[in-house]
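The file data_37.cif comes next; it holds mmCIF, C-alpha atoms and all ligand atoms.
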data_input
#
loop_
_atom_site.label_atom_id
_atom_site.label_comp_id
_atom_site.auth_asym_id
_atom_site.auth_seq_id
_atom_site.Cartn_x
_atom_site.Cartn_y
_atom_site.Cartn_z
CA MET T 29 0.00 0.00 0.00
CA ARG T 30 1.27 3.44 -0.86
CA LYS T 31 1.49 5.66 2.20
CA LEU T 32 1.19 9.43 2.20
CA LEU T 33 4.18 11.05 3.91
CA MET T 34 2.90 13.99 5.98
CA ILE T 35 5.92 14.63 8.19
CA PRO T 36 7.70 18.00 8.33
CA GLY T 37 10.40 16.87 5.92
CA PRO T 38 11.47 14.93 4.03
CA ILE T 39 8.29 15.51 2.07
CA GLU T 40 6.53 13.99 -0.96
CA TYR T 41 8.24 15.07 -4.18
CA GLU T 42 6.84 16.00 -7.57
CA SER T 43 7.43 13.28 -10.17
CA ASN T 44 9.69 15.47 -12.33
CA VAL T 45 11.96 15.92 -9.27
CA LEU T 46 12.12 12.17 -8.71
CA ASN T 47 12.78 11.57 -12.40
CA ALA T 48 15.66 14.04 -12.27
CA MET T 49 17.27 11.86 -9.59
CA SER T 50 17.50 8.99 -12.06
CA ILE T 51 19.41 10.84 -14.78
CA PRO T 52 22.97 9.45 -15.11
CA THR T 53 25.51 11.56 -13.23
CA ILE T 54 27.35 14.02 -15.43
CA SER T 55 30.74 15.56 -14.75
CA HIS T 56 30.61 18.20 -12.04
CA SER T 57 32.90 20.38 -14.11
CA SER T 58 30.94 20.03 -17.37
CA LYS T 59 29.37 23.11 -18.94
CA GLU T 60 26.02 21.37 -18.68
CA PHE T 61 26.26 20.95 -14.91
CA VAL T 62 27.69 24.43 -14.31
CA SER T 63 24.66 25.83 -16.09
CA ILE T 64 22.26 23.74 -13.92
CA TYR T 65 24.12 24.81 -10.77
CA LYS T 66 24.04 28.44 -11.89
CA GLU T 67 20.30 28.34 -12.53
CA ALA T 68 19.74 26.74 -9.11
CA LEU T 69 21.81 29.49 -7.41
CA GLN T 70 19.91 32.19 -9.27
CA ASN T 71 16.53 30.70 -8.37
CA ILE T 72 17.58 30.33 -4.74
CA THR T 73 18.57 33.99 -4.72
CA SER T 74 15.15 35.09 -5.93
CA ILE T 75 13.20 32.70 -3.69
CA PHE T 76 15.05 34.23 -0.72
CA GLY T 77 14.23 37.73 -2.02
CA SER T 78 17.86 38.64 -2.59
CA SER T 79 19.79 39.59 -5.72
CA THR T 80 23.04 38.12 -7.01
CA SER T 81 24.59 41.61 -7.08
CA GLU T 82 23.96 41.93 -3.31
CA GLY T 83 23.74 38.48 -1.78
CA LEU T 84 25.84 35.34 -1.95
CA PRO T 85 23.77 32.19 -2.57
CA PHE T 86 25.23 28.84 -1.55
CA ILE T 87 24.30 25.17 -2.01
CA ILE T 88 26.45 22.77 0.02
CA SER T 89 26.20 18.99 0.41
CA GLY T 90 24.89 18.31 3.88
CA SER T 91 21.68 18.68 5.86
CA GLY T 92 20.01 21.69 7.45
CA THR T 93 22.33 21.36 10.45
CA LEU T 94 25.27 22.18 8.20
CA GLY T 95 23.27 25.23 7.12
CA MET T 96 23.00 26.26 10.79
CA GLU T 97 26.78 26.04 11.08
CA VAL T 98 27.72 27.76 7.81
CA ALA T 99 25.24 30.56 8.47
CA THR T 100 26.68 31.38 11.88
CA VAL T 101 30.27 30.34 12.55
CA ASN T 102 31.65 32.36 9.65
CA PHE T 103 30.48 35.57 11.30
CA ILE T 104 31.72 35.07 14.85
CA SER T 105 34.97 34.65 16.75
CA LYS T 106 35.62 33.20 20.20
CA ASP T 107 35.01 36.66 21.72
CA SER T 108 31.65 37.15 20.05
CA LYS T 109 28.46 37.56 21.99
CA VAL T 110 25.43 35.87 20.47
CA LEU T 111 21.71 35.78 21.14
CA VAL T 112 19.51 32.77 20.38
CA VAL T 113 15.78 33.30 20.05
CA ASN T 114 14.82 29.89 21.32
CA THR T 115 11.29 28.77 20.45
CA GLY T 116 11.97 25.05 20.56
CA TYR T 117 14.15 22.11 19.64
CA PHE T 118 16.14 23.90 16.95
CA GLY T 119 16.80 26.87 19.22
CA ASP T 120 18.40 24.41 21.66
CA ARG T 121 20.46 23.12 18.75
CA PHE T 122 21.81 26.62 18.08
CA VAL T 123 22.82 26.94 21.74
CA ASP T 124 24.62 23.60 21.46
CA LEU T 125 26.34 24.70 18.25
CA PHE T 126 27.46 28.08 19.64
CA SER T 127 28.81 26.47 22.82
CA ARG T 128 31.65 25.09 20.67
CA PHE T 129 32.65 28.54 19.42
CA THR T 130 32.04 31.10 22.18
CA ASP T 131 31.20 31.28 25.90
CA LYS T 132 28.96 34.28 25.45
CA VAL T 133 25.65 32.79 24.46
CA GLU T 134 22.37 34.28 25.67
CA GLN T 135 18.82 33.17 24.95
CA ILE T 136 15.32 34.56 24.82
CA LYS T 137 12.88 31.74 25.49
CA PRO T 138 9.18 32.53 25.06
CA PRO T 139 6.76 30.12 26.75
CA LEU T 140 6.06 26.90 24.83
CA GLY T 141 3.77 27.51 21.88
CA GLN T 142 4.45 31.23 21.65
CA ALA T 143 6.48 33.26 19.20
CA VAL T 144 8.93 35.84 20.50
CA GLU T 145 7.51 39.34 20.80
CA PRO T 146 9.69 41.65 18.69
CA VAL T 147 9.57 44.22 21.53
CA ARG T 148 11.50 41.74 23.74
CA ILE T 149 14.21 41.63 21.08
CA LYS T 150 14.31 45.40 21.00
CA GLU T 151 14.77 45.49 24.79
CA LYS T 152 17.64 43.00 24.52
CA LEU T 153 19.37 44.77 21.64
CA ASP T 154 18.93 48.19 23.29
CA THR T 155 20.82 47.05 26.37
CA ASN T 156 23.37 44.59 24.93
CA GLU T 157 25.81 44.49 22.07
CA TYR T 158 25.40 41.17 20.34
CA ASP T 159 27.52 40.34 17.32
CA LEU T 160 24.90 38.00 15.95
CA MET T 161 21.45 36.66 16.74
CA THR T 162 19.55 33.64 15.43
CA VAL T 163 15.84 33.18 14.94
CA THR T 164 14.10 29.99 13.86
CA HIS T 165 11.46 31.23 11.43
CA VAL T 166 9.22 28.20 11.90
CA ASP T 167 10.10 25.92 14.76
CA THR T 168 9.47 22.43 13.47
CA SER T 169 9.04 21.09 16.99
CA THR T 170 6.07 23.32 17.84
CA GLY T 171 4.65 24.78 14.62
CA VAL T 172 5.26 28.31 15.94
CA ARG T 173 6.20 30.97 13.40
CA ASN T 174 8.26 33.94 14.49
CA ASN T 175 7.69 37.38 13.01
CA VAL T 176 11.00 37.69 11.18
CA LYS T 177 9.98 40.87 9.37
CA GLU T 178 9.44 42.80 12.61
CA ILE T 179 12.54 41.28 14.19
CA ALA T 180 14.61 42.42 11.19
CA GLU T 181 13.19 45.94 11.60
CA VAL T 182 14.83 45.98 15.03
CA SER T 183 18.13 44.21 14.26
CA LYS T 184 18.97 46.10 11.08
CA LYS T 185 19.26 49.33 13.11
CA THR T 186 21.98 47.74 15.25
CA ASP T 187 25.31 46.01 14.58
CA THR T 188 23.78 42.62 15.39
CA LEU T 189 23.71 40.33 12.39
CA LEU T 190 20.37 38.55 11.97
CA VAL T 191 20.62 34.88 10.97
CA VAL T 192 17.33 33.16 10.14
CA ASP T 193 16.86 29.41 10.19
CA GLY T 194 14.36 28.99 7.38
CA VAL T 195 14.62 25.20 7.20
CA CYS T 196 10.92 24.73 7.87
CA SER T 197 9.82 27.87 6.06
CA VAL T 198 11.59 28.86 2.83
CA GLY T 199 9.35 28.01 -0.12
CA GLY T 200 6.26 27.70 2.08
CA GLU T 201 6.32 30.90 4.14
CA ASN T 202 7.08 34.47 3.23
CA LEU T 203 10.73 35.25 3.91
CA ASP T 204 12.51 38.15 2.25
CA MET T 205 16.18 39.03 2.72
CA LYS T 206 15.25 42.65 1.90
CA TRP T 207 13.52 42.92 5.28
CA GLY T 208 17.05 43.26 6.68
CA ILE T 209 18.04 39.63 7.18
CA ASP T 210 21.82 39.13 7.00
CA VAL T 211 21.96 35.37 6.50
CA ALA T 212 19.20 32.81 5.94
CA PHE T 213 19.28 29.14 5.06
CA THR T 214 17.19 26.07 4.52
CA ALA T 215 17.63 22.46 3.47
CA SER T 216 16.53 20.70 0.29
CA GLN T 217 14.05 18.26 1.86
CA LYS T 218 11.36 20.64 3.07
CA ALA T 219 9.34 23.29 1.25
CA LEU T 220 11.93 23.51 -1.52
CA GLY T 221 10.71 20.06 -2.53
CA ALA T 222 13.87 18.05 -3.24
CA PRO T 223 15.36 15.00 -1.48
CA PRO T 224 17.48 15.52 1.65
CA GLY T 225 21.19 16.25 1.36
CA LEU T 226 21.68 19.94 0.56
CA ALA T 227 22.13 22.98 2.78
CA VAL T 228 20.98 26.03 0.86
CA GLY T 229 21.18 29.70 1.79
CA VAL T 230 22.04 33.31 1.13
CA ALA T 231 24.44 35.64 2.95
CA GLU T 232 24.11 39.39 2.42
CA LYS T 233 26.86 42.02 2.15
CA ARG T 234 26.80 43.15 5.77
CA ALA T 235 27.51 39.55 6.84
CA LEU T 236 30.18 39.05 4.17
CA ASN T 237 31.93 42.26 5.28
CA ARG T 238 31.95 40.93 8.83
CA MET T 239 33.36 37.61 7.60
CA GLY T 240 36.14 39.49 5.80
CA LYS T 241 37.36 40.84 9.16
CA LEU T 242 37.49 37.45 10.88
CA LYS T 243 39.79 34.43 10.71
CA PRO T 244 38.26 31.15 9.47
CA ASN T 245 37.32 28.89 12.39
CA SER T 246 36.15 25.84 10.42
CA PHE T 247 37.08 24.03 7.24
CA PHE T 248 34.19 22.38 5.40
CA SER T 249 31.86 25.10 6.77
CA ASP T 250 34.19 27.93 5.73
CA LEU T 251 31.96 30.14 3.57
CA ARG T 252 35.03 31.76 1.96
CA LYS T 253 35.65 28.43 0.19
CA TRP T 254 32.02 28.16 -0.95
CA GLU T 255 31.91 31.83 -1.92
CA ALA T 256 34.60 31.14 -4.50
CA VAL T 257 32.56 28.20 -5.84
CA SER T 258 29.27 30.16 -6.02
CA ARG T 259 30.95 33.18 -7.66
CA GLY T 260 32.69 30.94 -10.19
CA VAL T 261 29.44 29.13 -11.03
CA LEU T 262 27.50 32.39 -11.31
CA GLU T 263 30.11 33.60 -13.79
CA SER T 264 29.60 30.30 -15.72
CA LYS T 265 33.22 29.31 -15.02
CA GLY T 266 32.47 26.68 -12.40
CA GLY T 267 34.44 26.11 -9.24
CA TYR T 268 35.48 23.36 -6.91
CA PHE T 269 35.91 22.90 -3.19
CA GLY T 270 34.17 19.58 -2.45
CA THR T 271 32.53 17.55 -5.22
CA PRO T 272 29.02 18.95 -5.59
CA ASN T 273 26.13 16.52 -5.37
CA VAL T 274 25.41 16.58 -9.08
CA ASN T 275 22.23 14.47 -8.95
CA LEU T 276 20.72 16.31 -5.98
CA ILE T 277 21.49 19.75 -7.37
CA THR T 278 19.92 18.66 -10.66
CA ALA T 279 16.78 17.51 -8.81
CA LEU T 280 16.75 20.66 -6.68
CA ASN T 281 16.95 22.76 -9.82
CA VAL T 282 13.89 20.98 -11.24
CA SER T 283 12.02 21.60 -8.00
CA LEU T 284 13.06 25.28 -7.94
CA GLY T 285 11.81 25.46 -11.53
CA ASN T 286 8.45 24.09 -10.31
CA ILE T 287 8.35 26.81 -7.65
CA MET T 288 9.17 29.54 -10.15
CA SER T 289 6.54 28.34 -12.62
CA GLU T 290 3.83 28.13 -9.95
CA GLY T 291 4.92 31.59 -8.79
CA LEU T 292 6.15 32.18 -5.24
CA GLU T 293 3.19 34.33 -4.25
CA LEU T 294 0.65 31.74 -5.40
CA ARG T 295 2.65 28.99 -3.76
CA LEU T 296 2.63 30.80 -0.41
CA LYS T 297 -1.12 31.40 -0.76
CA ARG T 298 -1.63 27.67 -1.43
CA HIS T 299 0.35 26.81 1.69
CA GLU T 300 -1.80 29.22 3.69
CA LYS T 301 -4.99 27.72 2.28
CA MET T 302 -3.95 24.12 3.00
CA ALA T 303 -2.65 25.00 6.47
CA SER T 304 -5.89 26.80 7.31
CA ALA T 305 -7.89 23.75 6.23
CA ILE T 306 -5.70 21.42 8.32
CA ARG T 307 -6.10 23.67 11.35
CA ALA T 308 -9.85 23.89 10.81
CA GLY T 309 -10.10 20.09 10.66
CA ILE T 310 -8.00 19.72 13.80
CA LYS T 311 -10.06 22.23 15.73
CA GLY T 312 -13.26 20.76 14.27
CA MET T 313 -12.37 17.45 15.92
CA GLY T 314 -11.90 19.27 19.22
CA LEU T 315 -8.11 19.01 19.26
CA GLU T 316 -5.72 21.78 20.28
CA LEU T 317 -2.65 23.12 18.49
CA ILE T 318 0.58 23.78 20.34
CA ALA T 319 1.05 27.13 18.62
CA LYS T 320 -1.25 29.50 20.47
CA LYS T 321 -1.68 31.99 17.63
CA ASP T 322 1.44 32.39 15.53
CA HIS T 323 0.74 29.33 13.40
CA ALA T 324 3.06 28.18 10.67
CA ASN T 325 1.70 27.31 7.24
CA THR T 326 4.19 24.49 6.75
CA ILE T 327 3.64 22.37 9.87
CA SER T 328 1.05 21.88 12.62
CA ALA T 329 1.85 20.39 16.00
CA VAL T 330 -1.26 18.96 17.66
CA TYR T 331 -1.97 17.84 21.24
CA LEU T 332 -3.49 14.37 21.43
CA PRO T 333 -6.58 13.92 23.63
CA ASN T 334 -5.67 13.08 27.25
CA GLY T 335 -4.80 9.45 27.72
CA THR T 336 -4.13 8.74 24.03
CA ASP T 337 -1.20 6.41 23.47
CA SER T 338 0.82 8.38 20.90
CA LYS T 339 2.66 5.30 19.58
CA LYS T 340 -0.62 3.48 18.94
CA PHE T 341 -2.13 6.60 17.38
CA LEU T 342 0.81 7.02 14.96
CA SER T 343 0.74 3.33 14.08
CA ASP T 344 -3.06 3.51 13.47
CA THR T 345 -2.73 6.54 11.18
CA GLU T 346 0.02 4.74 9.30
CA THR T 347 -2.22 1.69 8.90
CA ASN T 348 -4.77 4.17 7.57
CA GLY T 349 -2.24 5.25 4.95
CA VAL T 350 -0.78 8.45 6.38
CA VAL T 351 2.58 8.87 8.14
CA PHE T 352 2.90 11.65 10.74
CA ALA T 353 5.82 12.63 12.99
CA SER T 354 5.99 12.17 16.75
CA GLY T 355 6.53 15.00 19.25
CA LEU T 356 10.03 16.51 19.58
CA MET T 357 9.76 18.75 22.64
CA LYS T 358 10.96 16.68 25.59
CA GLU T 359 8.53 18.13 28.10
CA ILE T 360 5.44 17.11 26.07
CA ALA T 361 6.90 14.52 23.68
CA GLY T 362 4.35 11.72 24.17
CA ARG T 363 1.39 14.09 24.20
CA TYR T 364 1.44 15.44 20.66
CA PHE T 365 2.15 14.70 17.01
CA ARG T 366 3.23 16.77 14.02
CA ILE T 367 1.80 17.12 10.53
CA GLY T 368 4.00 18.49 7.76
CA HIS T 369 2.03 20.27 5.02
CA MET T 370 4.46 21.79 2.60
CA GLY T 371 5.70 21.47 -0.95
CA SER T 372 3.21 19.93 -3.34
CA ILE T 373 0.42 19.73 -0.70
CA SER T 374 -3.07 19.88 -2.22
CA SER T 375 -6.65 19.88 -0.92
CA SER T 376 -6.95 16.14 -1.62
CA GLU T 377 -4.05 15.46 0.71
CA VAL T 378 -5.63 17.66 3.36
CA MET T 379 -8.77 15.53 3.27
CA ILE T 380 -6.81 12.25 3.36
CA THR T 381 -4.86 13.60 6.33
CA ILE T 382 -7.84 14.72 8.38
CA GLY T 383 -9.71 11.51 7.54
CA ALA T 384 -6.86 9.34 8.78
CA ILE T 385 -6.61 11.34 12.03
CA GLU T 386 -10.35 10.96 12.64
CA ARG T 387 -10.27 7.20 12.19
CA ALA T 388 -7.21 6.76 14.40
CA LEU T 389 -8.78 8.91 17.12
CA LYS T 390 -11.89 6.74 17.02
CA LEU T 391 -9.70 3.64 17.40
CA SER T 392 -8.13 5.26 20.48
CA GLY T 393 -11.57 5.65 22.03
CA TYR T 394 -11.88 9.41 21.47
CA GLU T 395 -15.46 10.55 20.94
CA VAL T 396 -15.62 12.21 17.56
CA ASP T 397 -18.38 11.85 15.00
CA PRO T 398 -16.75 10.60 11.80
CA GLY T 399 -16.78 13.42 9.28
CA THR T 400 -16.66 16.30 11.79
CA GLY T 401 -13.07 17.23 11.06
CA LEU T 402 -13.53 16.59 7.35
CA ALA T 403 -16.54 18.91 7.23
CA ALA T 404 -14.58 21.67 8.96
CA SER T 405 -11.68 21.27 6.51
CA GLN T 406 -14.04 21.28 3.51
CA ASP T 407 -15.69 24.40 4.81
CA SER T 408 -12.32 26.11 5.25
CA LEU T 409 -11.21 25.13 1.73
CA LEU T 410 -14.45 26.43 0.25
CA ARG T 411 -14.33 29.70 2.16
CA PHE T 412 -10.66 30.49 1.53
CA SER T 413 -10.20 33.29 -0.93
N1 LIG U 501 16.25 23.77 11.70
C1 LIG U 501 14.96 23.46 11.57
C2 LIG U 501 13.93 24.52 11.81
C3 LIG U 501 14.59 22.17 11.20
O1 LIG U 501 13.31 21.86 11.07
C4 LIG U 501 15.60 21.20 10.98
C5 LIG U 501 15.24 19.78 10.58
N2 LIG U 501 14.03 19.30 10.96
C6 LIG U 501 16.92 21.58 11.14
C7 LIG U 501 17.21 22.88 11.49
C8 LIG U 501 18.02 20.60 10.94
O2 LIG U 501 17.99 20.12 9.64
P1 LIG U 501 18.54 18.67 9.27
O3 LIG U 501 17.75 17.68 10.02
O4 LIG U 501 18.32 18.61 7.79
O5 LIG U 501 19.98 18.65 9.65
#
Go through the file and emit its structure as structure tokens.
Amino acid sequence: MRKLLMIPGPIEYESNVLNAMSIPTISHSSKEFVSIYKEALQNITSIFGSSTSEGLPFIISGSGTLGMEVATVNFISKDSKVLVVNTGYFGDRFVDLFSRFTDKVEQIKPPLGQAVEPVRIKEKLDTNEYDLMTVTHVDTSTGVRNNVKEIAEVSKKTDTLLVVDGVCSVGGENLDMKWGIDVAFTASQKALGAPPGLAVGVAEKRALNRMGKLKPNSFFSDLRKWEAVSRGVLESKGGYFGTPNVNLITALNVSLGNIMSEGLELRLKRHEKMASAIRAGIKGMGLELIAKKDHANTISAVYLPNGTDSKKFLSDTETNGVVFASGLMKEIAGRYFRIGHMGSISSSEVMITIGAIERALKLSGYEVDPGTGLAASQDSLLRFS
């Protein structure tokens, strides 16, 4: 039986992306590949809202965690003071990462399920001199979306570089480097719609100027090395530091082409529509979301009814043909599950998803009239304009 993968990455891929993975590998230094790589870098630049005259796009073999490293360690030294806006699991990961590079790490930690209030950031930046701060745009562990635009309004007036983890957002949520973001990154396997294995991002001039004043503190993550590659590829000359993942970059380029032909604005609207319908279905069944109000359009984290065995629930939904992800936040791990709804998500998949949740809840003994969640999702889809 074919199962529908509704986890927050890796996601379901379009068939032209999968087909691209089966093309025989060509030479990484061939003209043909350099032109694919160049197109991918250019499309990344526009999806991030940057421009190749201002920003430096990069595509590096590795996962989103490599993106976290490349996007931060190149802009700090061991004396740097950094601020982590910690809204969940991936905020903790930034703290862990920074602890290897500097002792001066501070955090802002809003209560579980809440985004940071930009005014709290202003208070922090008014009274401290941070070299760099990180924000997780959408925290995949909670489904909370931070208001990056308003945060950038604050940080761009200071010397604090703003680094945005867009792993669970870029391609599904509005993110624009022009807001005043200094560095942002994502990974191939989420809303960009390609298989896992690539860290993708853009660094703007202010960050690159900072990098120019610092000594490299890493090797594979040294953006100076990748800058030479990206610049060479953008000039159609090519470049080499580590062998690029030819097949993955080719597939990514097909997926970026899909995004460009749908149109970013329409794609974001579709994500909003599908996310609204998922949330309506969830609430229609009487369930509660972890995100109190700042909901992401790429993922929903949902509390299970009291007493539900989360392992049984996830196994029942899988038997019903849909795979969801378990909880990530330690303090509530067994009490919730996560639905990824990004990439090629359509209204049919929304209905399949809500239907599978309803049936699994029934099997767990939860009182819900079959069709209640589905009706709420249908209504939301029909009303969305
Ligand atoms: N940041 C966020 C917001 C993520 O969702 C993830 C992955 N779920 C990561 C970072 C790390 O990415 P990866 O697992 O690809 O290393």
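For ligand LIG 501 (chain U), the set of protein, DNA and RNA residues within 7 Å, based on only C-alpha atoms and all ligand atoms, reads T:Pro36, T:Gly37, T:Ser91, T:Gly92, T:Thr93, T:Leu94, T:Met96, T:Phe118, T:Thr164, T:Val166, T:Asp167, T:Thr168, T:Asp193, T:Gly194, T:Val195, T:Cys196, T:Ala215, T:Pro224.
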Per-axis box centre and lengths in Å around range 197-201 of chain T, 3 Å margin per side, axis-aligned, as AutoDock Vina command-line options:
--center_x 8.9 --center_y 29.3 --center_z 3.0 --size_x 11.3 --size_y 9.2 --size_z 12.2
Give one line per residue of range 42-140 of chain T that approaches range 251-268 of chain T to at most 9 Å, naming the two atoms of the closest pair and their distance in Å to one decimal, counting only C-alpha atoms; sort by chain then ascending residue number and deliver it as JSON lines.
{"residue": "T:His56", "atom": "CA", "partner": "T:Gly266", "partner_atom": "CA", "distance": 8.7}
{"residue": "T:Ser57", "atom": "CA", "partner": "T:Gly266", "partner_atom": "CA", "distance": 6.5}
{"residue": "T:Ser58", "atom": "CA", "partner": "T:Gly266", "partner_atom": "CA", "distance": 8.4}
{"residue": "T:Lys59", "atom": "CA", "partner": "T:Ser264", "partner_atom": "CA", "distance": 7.9}
{"residue": "T:Phe61", "atom": "CA", "partner": "T:Gly266", "partner_atom": "CA", "distance": 8.8}
{"residue": "T:Val62", "atom": "CA", "partner": "T:Gly266", "partner_atom": "CA", "distance": 5.6}
{"residue": "T:Ser63", "atom": "CA", "partner": "T:Ser264", "partner_atom": "CA", "distance": 6.7}
{"residue": "T:Tyr65", "atom": "CA", "partner": "T:Val261", "partner_atom": "CA", "distance": 6.9}
{"residue": "T:Lys66", "atom": "CA", "partner": "T:Leu262", "partner_atom": "CA", "distance": 5.3}
{"residue": "T:Glu67", "atom": "CA", "partner": "T:Leu262", "partner_atom": "CA", "distance": 8.4}
{"residue": "T:Leu69", "atom": "CA", "partner": "T:Leu262", "partner_atom": "CA", "distance": 7.5}
{"residue": "T:Gln70", "atom": "CA", "partner": "T:Leu262", "partner_atom": "CA", "distance": 7.9}
{"residue": "T:Thr80", "atom": "CA", "partner": "T:Leu262", "partner_atom": "CA", "distance": 8.4}
{"residue": "T:Leu84", "atom": "CA", "partner": "T:Glu255", "partner_atom": "CA", "distance": 7.0}
{"residue": "T:Pro85", "atom": "CA", "partner": "T:Ser258", "partner_atom": "CA", "distance": 6.8}
{"residue": "T:Phe86", "atom": "CA", "partner": "T:Ser258", "partner_atom": "CA", "distance": 6.2}
{"residue": "T:Ile87", "atom": "CA", "partner": "T:Ser258", "partner_atom": "CA", "distance": 8.1}
{"residue": "T:Ile88", "atom": "CA", "partner": "T:Trp254", "partner_atom": "CA", "distance": 7.8}
{"residue": "T:Val98", "atom": "CA", "partner": "T:Leu251", "partner_atom": "CA", "distance": 6.5}
{"residue": "T:Ala99", "atom": "CA", "partner": "T:Leu251", "partner_atom": "CA", "distance": 8.3}
{"residue": "T:Asn102", "atom": "CA", "partner": "T:Leu251", "partner_atom": "CA", "distance": 6.5}
Atoms to include: C-alpha atoms. Write the selected residues as a PDB file, in the frame of the given file.
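The result, stored in selection.pdb:
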ATOM      1  CA  HIS T  56      30.610  18.200 -12.040  1.00  0.00           C
ATOM      2  CA  SER T  57      32.900  20.380 -14.110  1.00  0.00           C
ATOM      3  CA  SER T  58      30.940  20.030 -17.370  1.00  0.00           C
ATOM      4  CA  LYS T  59      29.370  23.110 -18.940  1.00  0.00           C
ATOM      5  CA  PHE T  61      26.260  20.950 -14.910  1.00  0.00           C
ATOM      6  CA  VAL T  62      27.690  24.430 -14.310  1.00  0.00           C
ATOM      7  CA  SER T  63      24.660  25.830 -16.090  1.00  0.00           C
ATOM      8  CA  TYR T  65      24.120  24.810 -10.770  1.00  0.00           C
ATOM      9  CA  LYS T  66      24.040  28.440 -11.890  1.00  0.00           C
ATOM     10  CA  GLU T  67      20.300  28.340 -12.530  1.00  0.00           C
ATOM     11  CA  LEU T  69      21.810  29.490  -7.410  1.00  0.00           C
ATOM     12  CA  GLN T  70      19.910  32.190  -9.270  1.00  0.00           C
ATOM     13  CA  THR T  80      23.040  38.120  -7.010  1.00  0.00           C
ATOM     14  CA  LEU T  84      25.840  35.340  -1.950  1.00  0.00           C
ATOM     15  CA  PRO T  85      23.770  32.190  -2.570  1.00  0.00           C
ATOM     16  CA  PHE T  86      25.230  28.840  -1.550  1.00  0.00           C
ATOM     17  CA  ILE T  87      24.300  25.170  -2.010  1.00  0.00           C
ATOM     18  CA  ILE T  88      26.450  22.770   0.020  1.00  0.00           C
ATOM     19  CA  VAL T  98      27.720  27.760   7.810  1.00  0.00           C
ATOM     20  CA  ALA T  99      25.240  30.560   8.470  1.00  0.00           C
ATOM     21  CA  ASN T 102      31.650  32.360   9.650  1.00  0.00           C
TER      22      ASN T 102
END
Residues near range 270-274 of chain T, cut-off 7 Å, all atoms listed in the file, skip fewer than 2 positions along chain, as number ranges by chain | T: 53, 56, 89, 268, 276-278
Selection above as a file: C-alpha atoms, as an mmCIF file, in the frame of the given file:
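Saved to out_38.cif:
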data_model
loop_
_atom_site.group_PDB
_atom_site.id
_atom_site.type_symbol
_atom_site.label_atom_id
_atom_site.label_comp_id
_atom_site.auth_asym_id
_atom_site.auth_seq_id
_atom_site.Cartn_x
_atom_site.Cartn_y
_atom_site.Cartn_z
ATOM 1 C CA THR T 53 25.510 11.560 -13.230
ATOM 2 C CA HIS T 56 30.610 18.200 -12.040
ATOM 3 C CA SER T 89 26.200 18.990 0.410
ATOM 4 C CA TYR T 268 35.480 23.360 -6.910
ATOM 5 C CA LEU T 276 20.720 16.310 -5.980
ATOM 6 C CA ILE T 277 21.490 19.750 -7.370
ATOM 7 C CA THR T 278 19.920 18.660 -10.660
#
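You can rank T:His323, T:Lys132, T:His165, T:Arg30 by their closest distance to Glu300 in chain T using only C-alpha atoms, and at the top of that list sits T:His323.
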Select, counting all atoms listed in the file, all protein, DNA and RNA residues no farther than 10 Å from (25.6, 36.5, 6.8) in file coordinates, and express the selection as a CSV table (one decimal) with C-alpha atoms, in the coordinates of the input.
chain,number,residue,atom,x,y,z
T,83,GLY,CA,23.7,38.5,-1.8
T,84,LEU,CA,25.8,35.3,-2.0
T,98,VAL,CA,27.7,27.8,7.8
T,99,ALA,CA,25.2,30.6,8.5
T,100,THR,CA,26.7,31.4,11.9
T,101,VAL,CA,30.3,30.3,12.6
T,102,ASN,CA,31.6,32.4,9.6
T,103,PHE,CA,30.5,35.6,11.3
T,160,LEU,CA,24.9,38.0,16.0
T,189,LEU,CA,23.7,40.3,12.4
T,190,LEU,CA,20.4,38.6,12.0
T,191,VAL,CA,20.6,34.9,11.0
T,192,VAL,CA,17.3,33.2,10.1
T,209,ILE,CA,18.0,39.6,7.2
T,210,ASP,CA,21.8,39.1,7.0
T,211,VAL,CA,22.0,35.4,6.5
T,212,ALA,CA,19.2,32.8,5.9
T,213,PHE,CA,19.3,29.1,5.1
T,229,GLY,CA,21.2,29.7,1.8
T,230,VAL,CA,22.0,33.3,1.1
T,231,ALA,CA,24.4,35.6,3.0
T,232,GLU,CA,24.1,39.4,2.4
T,233,LYS,CA,26.9,42.0,2.2
T,234,ARG,CA,26.8,43.2,5.8
T,235,ALA,CA,27.5,39.6,6.8
T,236,LEU,CA,30.2,39.0,4.2
T,237,ASN,CA,31.9,42.3,5.3
T,238,ARG,CA,32.0,40.9,8.8
T,239,MET,CA,33.4,37.6,7.6
T,251,LEU,CA,32.0,30.1,3.6
From the set T:Val112, T:Leu153, T:Ala403, T:Leu46, which residue has the shortest atom-to-atom contact distance to Ile306 in chain T, counting all atoms listed in the file?
-> T:Ala403
8 Å contact set for range 313-319 of chain T, all atoms listed in the file, chain neighbours under 2 positions out, as a VMD selection string = chain T and resid 140 to 142 170 to 172 307 309 to 311 321 to 323 328 to 333 386 396 400 to 401
Go through T:Glu293, T:Glu346, T:Asp131, T:Glu377 one by one, measure the shortest atom-to-atom distance of each to Asp204 in chain T using all atoms listed in the file, and give the residue with the smallest value.
-> T:Glu293
Just give me the residues with any atom within 9 Å of (-1.1, 11.0, 9.8), file coordinates, counting only C-alpha atoms, written as a PyMOL selection string.
-> chain T and resi 32-35+341-346+348-353+365-367+380-385+388
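Minimum distance to Ile75 in chain T across T:Asn275, T:Ser405, T:Thr214, T:Asn325 (counting only C-alpha atoms) occurs at T:Thr214.
Neighbouring residues of Ile136 in chain T at 7 Å or closer, counting all atoms listed in the file and skipping chain neighbours under 2 positions away, are Val112, Val113, Asn114 and Pro138 of chain T.
A straight line drawn from CA of Ala324 in chain T to CA of Gly90 in chain T is 24.9 Å long.
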